[in-house]
$ cat model-v2.cif   # mmCIF, C-alpha atoms
data_query
loop_
_atom_site.group_PDB
_atom_site.id
_atom_site.type_symbol
_atom_site.label_atom_id
_atom_site.label_comp_id
_atom_site.auth_asym_id
_atom_site.auth_seq_id
_atom_site.Cartn_x
_atom_site.Cartn_y
_atom_site.Cartn_z
ATOM 1 C CA MET A 1131 12.495 -7.130 -16.028
ATOM 2 C CA LEU A 1132 9.974 -4.361 -15.297
ATOM 3 C CA THR A 1133 10.087 -3.237 -18.923
ATOM 4 C CA GLN A 1134 9.252 -6.756 -20.082
ATOM 5 C CA ALA A 1135 6.406 -7.005 -17.554
ATOM 6 C CA LEU A 1136 4.957 -3.693 -18.743
ATOM 7 C CA ALA A 1137 5.228 -4.814 -22.373
ATOM 8 C CA ARG A 1138 3.366 -8.056 -21.531
ATOM 9 C CA LEU A 1139 0.784 -6.005 -19.650
ATOM 10 C CA ALA A 1140 0.215 -3.697 -22.617
ATOM 11 C CA SER A 1141 -0.079 -6.676 -24.954
ATOM 12 C CA SER A 1142 -2.531 -8.393 -22.620
ATOM 13 C CA LEU A 1143 -4.679 -5.285 -22.229
ATOM 14 C CA GLU A 1144 -4.841 -4.890 -25.987
ATOM 15 C CA SER A 1145 -5.894 -8.527 -26.398
ATOM 16 C CA ILE A 1146 -8.874 -8.034 -24.062
ATOM 17 C CA ARG A 1147 -10.423 -5.558 -26.454
ATOM 18 C CA SER A 1148 -11.031 -8.404 -28.889
ATOM 19 C CA PRO A 1149 -14.247 -10.245 -27.959
ATOM 20 C CA SER A 1150 -12.811 -13.467 -29.374
ATOM 21 C CA SER A 1151 -9.664 -13.269 -27.252
ATOM 22 C CA HIS A 1152 -8.820 -16.130 -24.915
ATOM 23 C CA GLN A 1153 -5.763 -14.352 -23.579
ATOM 24 C CA ALA A 1154 -7.708 -12.250 -21.068
ATOM 25 C CA THR A 1155 -6.521 -14.368 -18.156
ATOM 26 C CA ALA A 1156 -2.961 -13.196 -18.779
ATOM 27 C CA VAL A 1157 -3.980 -9.791 -17.464
ATOM 28 C CA ALA A 1158 -4.857 -11.252 -14.083
ATOM 29 C CA ASP A 1159 -1.500 -12.886 -13.622
ATOM 30 C CA ILE A 1160 -1.301 -12.756 -9.859
ATOM 31 C CA ARG A 1161 2.474 -12.989 -10.032
ATOM 32 C CA ARG A 1162 2.471 -9.297 -10.922
ATOM 33 C CA TRP A 1163 1.128 -8.704 -7.430
ATOM 34 C CA GLN A 1164 3.611 -11.039 -5.824
ATOM 35 C CA ALA A 1165 6.643 -9.490 -7.493
ATOM 36 C CA ASP A 1166 9.581 -8.925 -5.210
ATOM 37 C CA PRO A 1167 9.424 -5.386 -3.925
ATOM 38 C CA THR A 1168 12.166 -3.389 -5.503
ATOM 39 C CA ARG A 1169 14.591 -1.326 -3.485
ATOM 40 C CA ASN A 1170 13.978 1.507 -5.902
ATOM 41 C CA ASP A 1171 11.004 3.655 -4.851
ATOM 42 C CA TYR A 1172 10.506 4.910 -8.390
ATOM 43 C CA LEU A 1173 10.200 1.390 -9.829
ATOM 44 C CA THR A 1174 7.804 0.465 -7.035
ATOM 45 C CA GLN A 1175 5.619 3.432 -7.988
ATOM 46 C CA VAL A 1176 5.707 2.394 -11.640
ATOM 47 C CA LEU A 1177 4.707 -1.153 -10.660
ATOM 48 C CA HIS A 1178 1.804 0.192 -8.583
ATOM 49 C CA VAL A 1179 0.588 2.283 -11.503
ATOM 50 C CA ALA A 1180 0.732 -0.758 -13.803
ATOM 51 C CA GLN A 1181 -1.192 -2.848 -11.277
ATOM 52 C CA ARG A 1182 -3.920 -0.203 -10.833
ATOM 53 C CA VAL A 1183 -4.278 0.295 -14.570
ATOM 54 C CA THR A 1184 -4.596 -3.478 -14.949
ATOM 55 C CA ILE A 1185 -7.377 -3.724 -12.366
ATOM 56 C CA ASN A 1186 -9.209 -0.717 -13.767
ATOM 57 C CA GLU A 1187 -9.027 -2.029 -17.321
ATOM 58 C CA MET A 1188 -10.191 -5.473 -16.205
ATOM 59 C CA MET A 1189 -13.226 -3.969 -14.441
ATOM 60 C CA THR A 1190 -13.989 -1.751 -17.420
ATOM 61 C CA GLN A 1191 -13.737 -4.604 -19.909
ATOM 62 C CA ALA A 1192 -15.679 -6.990 -17.643
ATOM 63 C CA THR A 1193 -18.681 -4.659 -17.812
ATOM 64 C CA SER A 1194 -18.337 -3.710 -21.469
ATOM 65 C CA ASP A 1195 -21.155 -4.903 -23.719
ATOM 66 C CA GLU A 1196 -18.644 -4.870 -26.569
ATOM 67 C CA ASN A 1197 -17.004 -8.000 -25.120
ATOM 68 C CA SER A 1198 -18.416 -11.491 -25.307
ATOM 69 C CA GLY A 1199 -19.980 -13.050 -22.239
ATOM 70 C CA GLU A 1200 -17.040 -15.437 -22.049
ATOM 71 C CA VAL A 1201 -14.486 -12.613 -21.897
ATOM 72 C CA ARG A 1202 -16.548 -10.789 -19.261
ATOM 73 C CA ALA A 1203 -16.849 -13.990 -17.203
ATOM 74 C CA VAL A 1204 -13.116 -14.716 -17.403
ATOM 75 C CA LEU A 1205 -12.281 -11.192 -16.263
ATOM 76 C CA THR A 1206 -14.843 -11.274 -13.448
ATOM 77 C CA GLN A 1207 -13.438 -14.586 -12.211
ATOM 78 C CA ALA A 1208 -9.865 -13.319 -12.482
ATOM 79 C CA LEU A 1209 -10.730 -10.239 -10.421
ATOM 80 C CA ALA A 1210 -12.340 -12.428 -7.759
ATOM 81 C CA ARG A 1211 -9.233 -14.645 -7.613
ATOM 82 C CA LEU A 1212 -6.954 -11.620 -7.391
ATOM 83 C CA ALA A 1213 -9.002 -10.105 -4.554
ATOM 84 C CA SER A 1214 -9.005 -13.419 -2.663
ATOM 85 C CA SER A 1215 -5.269 -13.769 -3.136
ATOM 86 C CA LEU A 1216 -4.612 -10.248 -1.864
ATOM 87 C CA GLU A 1217 -6.974 -10.771 1.090
ATOM 88 C CA SER A 1218 -4.931 -13.797 2.154
ATOM 89 C CA ILE A 1219 -1.837 -11.644 2.732
ATOM 90 C CA ARG A 1220 -1.269 -11.276 6.470
ATOM 91 C CA SER A 1221 -0.132 -7.659 6.382
ATOM 92 C CA PRO A 1222 -1.250 -6.151 3.087
ATOM 93 C CA SER A 1223 0.139 -2.825 1.989
ATOM 94 C CA SER A 1224 -2.238 0.090 1.636
ATOM 95 C CA HIS A 1225 -1.935 -0.360 -2.129
ATOM 96 C CA GLN A 1226 -3.052 -3.995 -1.886
ATOM 97 C CA ALA A 1227 -5.863 -3.218 0.575
ATOM 98 C CA THR A 1228 -7.184 -0.462 -1.680
ATOM 99 C CA ALA A 1229 -7.141 -2.807 -4.669
ATOM 100 C CA VAL A 1230 -9.177 -5.387 -2.746
ATOM 101 C CA ALA A 1231 -11.668 -2.755 -1.586
ATOM 102 C CA ASP A 1232 -12.102 -1.438 -5.121
ATOM 103 C CA ILE A 1233 -12.632 -4.932 -6.539
ATOM 104 C CA ARG A 1234 -15.159 -5.864 -3.832
ATOM 105 C CA ARG A 1235 -17.033 -2.587 -4.304
ATOM 106 C CA TRP A 1236 -17.129 -3.227 -8.060
ATOM 107 C CA GLN A 1237 -18.356 -6.801 -7.505
ATOM 108 C CA ALA A 1238 -21.231 -5.533 -5.357
ATOM 109 C CA ASP A 1239 -22.574 -3.410 -8.225
ATOM 110 C CA PRO A 1240 -20.459 -3.270 -11.403
ATOM 111 C CA THR A 1241 -22.671 -0.732 -13.157
ATOM 112 C CA ARG A 1242 -22.555 1.814 -10.324
ATOM 113 C CA ASN A 1243 -18.977 1.362 -9.183
ATOM 114 C CA ALA A 1244 -16.719 2.475 -11.977
ATOM 115 C CA PRO A 1245 -13.005 1.808 -11.521
ATOM 116 C CA ALA A 1246 -11.061 4.302 -9.475
ATOM 117 C CA GLU A 1247 -8.994 6.817 -11.367
ATOM 118 C CA ALA A 1248 -5.638 5.346 -12.309
ATOM 119 C CA LEU A 1249 -2.534 6.531 -10.571
ATOM 120 C CA THR A 1250 -0.376 8.789 -12.658
ATOM 121 C CA MET A 1251 3.142 7.828 -13.590
ATOM 122 C CA PRO A 1252 5.755 9.423 -11.360
ATOM 123 C CA PRO A 1253 7.849 12.108 -13.056
ATOM 124 C CA GLY A 1254 11.009 11.009 -14.807
ATOM 125 C CA ASP A 1255 12.111 8.464 -17.343
ATOM 126 C CA PRO A 1256 10.768 4.988 -16.427
ATOM 127 C CA ILE A 1257 13.652 3.197 -18.082
#

$ encode --input "model-v2.cif" --output "structure tokens"
Amino acid sequence: MLTQALARLASSLESIRSPSSHQATAVADIRRWQADPTRNDYLTQVLHVAQRVTINEMMTQATSDENSGEVRAVLTQALARLASSLESIRSPSSHQATAVADIRRWQADPTRNAPAEALTMPPGDPI
């Protein structure tokens, strides 16, 4: 299941790079943030890395002049929806709270608030 989600994520991120792409909203699929927490700490870490990379790429592409205004607007709206969704969680994890803070900071001034450095993959084979 995680492998399929990561494959969809990679496909979605690649589609954003095309200014004519209408698939950008797939990247903001909030279900990735509402996935059932796994009992495996390693898989949880992998999921967190994928989520951070997604947010960072969305912020990067939303400010890129190489993308059409429509793509930038879709990504900006998707980030706002994701932040609102995460803010509505009663007891957010530190990972979720950090994501919201980074999105809100980026929204305040996208040109001065570059995405945070992505988490690195934990050691070991992810599959």

$ residues_around --input "model-v2.cif" --residues "Ala1231 (chain A)" --least-positions-apart "2" --cutoff "12 Å" --atoms "only C-alpha atoms" --output "ChimeraX atom specification"
/A:1185,1209-1210,1212-1214,1216-1217,1222,1224-1229,1233-1238,1243,1245-1246

$ write_last_selection --input "model-v2.cif" --atoms "C-alpha atoms" --output "compact mmCIF listing (two decimals), in the frame of the given file"
# COMPACT_ATOMS: atom_id res chain seq x y z
CA ILE A 1185 -7.38 -3.72 -12.37
CA LEU A 1209 -10.73 -10.24 -10.42
CA ALA A 1210 -12.34 -12.43 -7.76
CA LEU A 1212 -6.95 -11.62 -7.39
CA ALA A 1213 -9.00 -10.10 -4.55
CA SER A 1214 -9.01 -13.42 -2.66
CA LEU A 1216 -4.61 -10.25 -1.86
CA GLU A 1217 -6.97 -10.77 1.09
CA PRO A 1222 -1.25 -6.15 3.09
CA SER A 1224 -2.24 0.09 1.64
CA HIS A 1225 -1.94 -0.36 -2.13
CA GLN A 1226 -3.05 -4.00 -1.89
CA ALA A 1227 -5.86 -3.22 0.57
CA THR A 1228 -7.18 -0.46 -1.68
CA ALA A 1229 -7.14 -2.81 -4.67
CA ILE A 1233 -12.63 -4.93 -6.54
CA ARG A 1234 -15.16 -5.86 -3.83
CA ARG A 1235 -17.03 -2.59 -4.30
CA TRP A 1236 -17.13 -3.23 -8.06
CA GLN A 1237 -18.36 -6.80 -7.50
CA ALA A 1238 -21.23 -5.53 -5.36
CA ASN A 1243 -18.98 1.36 -9.18
CA PRO A 1245 -13.00 1.81 -11.52
CA ALA A 1246 -11.06 4.30 -9.48

$ closest_residue --input "model-v2.cif" --among "A:Val1230, A:Val1183, A:Leu1173, A:Leu1205" --to "Thr1250 (chain A)" --atoms "all atoms listed in the file"
A:Val1183

$ closest_residue --input "model-v2.cif" --among "A:Ala1208, A:Thr1193, A:His1178, A:Asn1186" --to "Arg1242 (chain A)" --atoms "all atoms listed in the file"
A:Thr1193

$ closest_residue --input "model-v2.cif" --among "A:Gln1207, A:Gln1191, A:Thr1184, A:Gln1175" --to "Thr1241 (chain A)" --atoms "all atoms listed in the file"
A:Gln1191

$ closest_residue --input "model-v2.cif" --among "A:Asp1239, A:Pro1252, A:Ala1244, A:Gly1199" --to "Val1179 (chain A)" --atoms "only C-alpha atoms"
A:Pro1252
